[in-house]
Amino acid sequence: MESVFGTNAGLTLVFLLLALGLALSFEFVNGFHDTANAVATVIYTNTLPPWAAVVWSGLWNLTGVLLSTGAVAFGIVALLPVELVLNVGSGAGFAMVFSLLISAMIWNLGTWYLGLPASSSHTLIGSIVGVGLAESLVEKGHQFGDGVNWGKLEDTVLALLISPVIGFVGAALLLLVMKFLVRNPELYKSPDGPKPPPWWIRGLLVLTCTGVSFAHGSNDGQKGMGLIMLILIGIVPGLYALNMSIDGATFKTLRTQSVVAQKTIASYAKGATMAPADATAELSRYVKSGQKPSDQTAPALATLNEQIVKGLDGKTSIDQVPQSERSSLRSDVYLVSGSMTKLAKAKAIPEDTAASLKVYNKALQSLTSYIPVWVKVAVALFLGFGTMIGWKRIVVTVGEKIGKSHLTYAQGASAELVAMATIQAADVFGLPVSTTHILSSGVAGTMVANGSGLQRETLRNILLAWVLTLPVCMLLGSTLFAFGLRLVAAFSGVK
């Protein structure tokens with residue numbers, strides 16, 4: 001036991017089980033909070049009975065999680081304080097994970113109880129920012145705000161702000177196009193009592209419900225996966241710090257690429273060298289800040305990449321990397337890969353070498369950015385179970401309280417088609433977006449386009465929840481981290 005969990009094995013194992021339980025509970029709450037949006041249209045158009053809709057949606061959420069790439073999972077990880085990501089097995093690392101999950105669940109459960117379609121993405125990101133700000137205050141030698149990856153946060157918040165606008169405008173325009181191209185009046189009617197729509201309309205609405213459920217699983221399900229991977233890396237780095245499933249041929253290619261890349265990176269450093277600790281500090285600063293590279297960035301990159309070359313040298317498979325070295329190798333890979341990604345985005349890498357370094361960077365990411373199948377299955381099951389249990393409160397809001405008239409078949413299809421496309425596009429870029437806000441904005445857009453009118457009280461409450469989510473979760477996350485769980489972790493012996 002001690003060889004895996006350290007000298008304080010019993011207590012560390014308790015923290016592991018608690019953290020995994022919280023992460024899966026977060027996905028369970030996420031399921032009945034967010035995924036209810038996907039079933040609202042098929043339930044309120046009598047396309048499927050509620051029990052069939054939630055079971056069907058739950059199954060496709062599960063499928064979406066299982067087939068997800070992991071890009072969004074590691075996009076979430078990139079928002080976290082670099083020091084805590086690199087030392088997630090410390091007391092502060094445990095406090096970070098617990099604070100994120102508890103604060104996010106508090107807000108999600110509160111808004112669910114009130115029937116408000118708030119965003120789990122906003123909730124988690126607000127908690128992350130709060131923890132980052134608190135971490136910069138409680139850690140010595142840090143300035144306020146150092147703990148937040150402002151560069152990555154800017155991209156993420158921009159996606160969260162723009163995606164509801166896309167949902168509103170896109171769904172409104174799609175409804176107008178449908179009215180122009182598809183003249184069948186049945187499509188634009190409200191359901192006639194409990195009577196289901198014609199078979200072709202039912203097929204269309206089931207298809208859109210399926211797409212939104214799958215997209216929700218592929219995007220939202222990854223948020224919990226990223227946090228679970230952090231937990232596993234912190235507790236059992238010998239098993240999870242590196243992707244142990246990489247085959248021998250891929251490993252050999254990576255080892256060769258690291259040597260070739262080192263020659264290129266060293267040429268940028270112009271012979272300058274740094275101590276590994278100083279190089280780690282410099283790349284940590286660069287990765288998390290919105291600042292340009294300094295004169296020390298290239299030497300730091302060369303120093304840590306040399307560490308990677310040495311760590312891979314003489315080995316023919318990933319299994320030959322000693323367990324005691326896997327955590328430090330992962331840290332070097334994390335900083336080198338993050339720095340190269342940021343340099344490439346800023347076009348700070350010469351064009352003649354940018355392509356080869358991009359290939360090398362992708363190979364590095366395959367070493368650390370992976371999700372074991374059992375983690376995907378666990379998240380998928382809890383997300384699916386959540387969908388099947390707590391859907392009703394949010395469904396009532398989306399189906400009855402956004403517009404002044406009942407949702408028509410065409411409105412439901414338009415809102416879900418746009419939501420599905422927007423979420424899938426966000427997956428490609430590894431950006432977490434809110435299914436809740438995209439779909440509810442889409443429903444509102446179709447009501448405006450149809451001249452149905454909007455219920456101001458509901459919109460006011462949704463907007464209020466939207467505006468309050470980030471600051472409230474920042475406050476919850478920072479408070480739990482700085483004054484609660486961090487002290488518990490510090491005095492519990494987990495260092």
# chains A, B, ... in the order shown; residues from 1 in each chain; ligands from 1
>>> closest_atom_pairs(of="region 251-270 of chain A", to="region 360-364 of chain A", cutoff="12 Å", atoms="only C-alpha atoms", output="CSV")
residue,atom,partner,partner_atom,distance
A:Phe251,CA,A:Ala363,CA,9.0
A:Lys252,CA,A:Ala363,CA,11.0
A:Thr253,CA,A:Ala363,CA,8.6
A:Leu254,CA,A:Ala363,CA,6.2
A:Arg255,CA,A:Ala363,CA,9.7
A:Thr256,CA,A:Tyr360,CA,9.7
A:Gln257,CA,A:Tyr360,CA,6.1
A:Ser258,CA,A:Tyr360,CA,7.1
A:Val259,CA,A:Tyr360,CA,10.2
A:Val260,CA,A:Tyr360,CA,9.2
A:Ala261,CA,A:Tyr360,CA,7.2
A:Gln262,CA,A:Tyr360,CA,10.3
A:Thr264,CA,A:Tyr360,CA,11.5
A:Ile265,CA,A:Tyr360,CA,11.6
>>> residues_around(residues="Ala172 (chain A)", least_positions_apart="5", cutoff="8 Å", atoms="only C-alpha atoms", output="list in words")
Ser414, Gly442, Gly445, Thr446, Met447, Val448 and Ala449 of chain A
>>> write_last_selection(atoms="C-alpha atoms", output="PDB file, in the first residue's frame")
ATOM      1  CA  SER A 414     -34.441  24.705 -34.517  1.00  0.00           C
ATOM      2  CA  GLY A 442     -32.151  29.113 -28.786  1.00  0.00           C
ATOM      3  CA  GLY A 445     -34.641  33.129 -30.220  1.00  0.00           C
ATOM      4  CA  THR A 446     -37.334  31.001 -31.846  1.00  0.00           C
ATOM      5  CA  MET A 447     -40.019  32.669 -29.719  1.00  0.00           C
ATOM      6  CA  VAL A 448     -38.871  36.091 -30.916  1.00  0.00           C
ATOM      7  CA  ALA A 449     -38.652  34.949 -34.548  1.00  0.00           C
TER       8      ALA A 449
END
>>> select_by_dssp(residues="region 11-81 of chain A", states="alpha helix (DSSP H)", output="MDAnalysis selection string")
chainID A and resid 11:34 36:44 50:66 71:77
>>> closest_residue(among="A:Ile308, A:Asp278, A:Ser441, A:Val212", to="Ser328 (chain A)", atoms="only C-alpha atoms")
A:Ile308
>>> closest_residue(among="A:Tyr409, A:Thr297, A:Gly311, A:Pro191", to="Ser324 (chain A)", atoms="only C-alpha atoms")
A:Gly311
>>> residues_around(residues="Ala346 (chain A)", least_positions_apart="5", cutoff="10 Å", atoms="only C-alpha atoms", output="VMD selection string")
chain A and resid 292 to 293 340 to 341
>>> write_last_selection(atoms="C-alpha atoms", output="mmCIF file, in the first residue's frame")
data_model
loop_
_atom_site.group_PDB
_atom_site.id
_atom_site.type_symbol
_atom_site.label_atom_id
_atom_site.label_comp_id
_atom_site.auth_asym_id
_atom_site.auth_seq_id
_atom_site.Cartn_x
_atom_site.Cartn_y
_atom_site.Cartn_z
ATOM 1 C CA LYS A 292 4.731 37.832 -23.932
ATOM 2 C CA PRO A 293 7.746 35.507 -23.661
ATOM 3 C CA MET A 340 5.107 25.583 -27.188
ATOM 4 C CA THR A 341 1.341 25.799 -27.676
#
>>> closest_atom_pairs(of="region 223-300 of chain A", to="region 18-32 of chain A", cutoff="9 Å", atoms="only C-alpha atoms", output="CSV")
residue,atom,partner,partner_atom,distance
A:Lys223,CA,A:Glu27,CA,8.4
A:Gly224,CA,A:Ala23,CA,5.9
A:Met225,CA,A:Ala23,CA,8.2
A:Leu227,CA,A:Ala23,CA,7.0
A:Ile228,CA,A:Leu20,CA,6.4
A:Ile231,CA,A:Ala19,CA,7.0
A:Leu232,CA,A:Leu20,CA,8.7
>>> atom_distance(atom1="CA of Val82 (chain A)", atom2="CA of Thr479 (chain A)")
19.6 Å
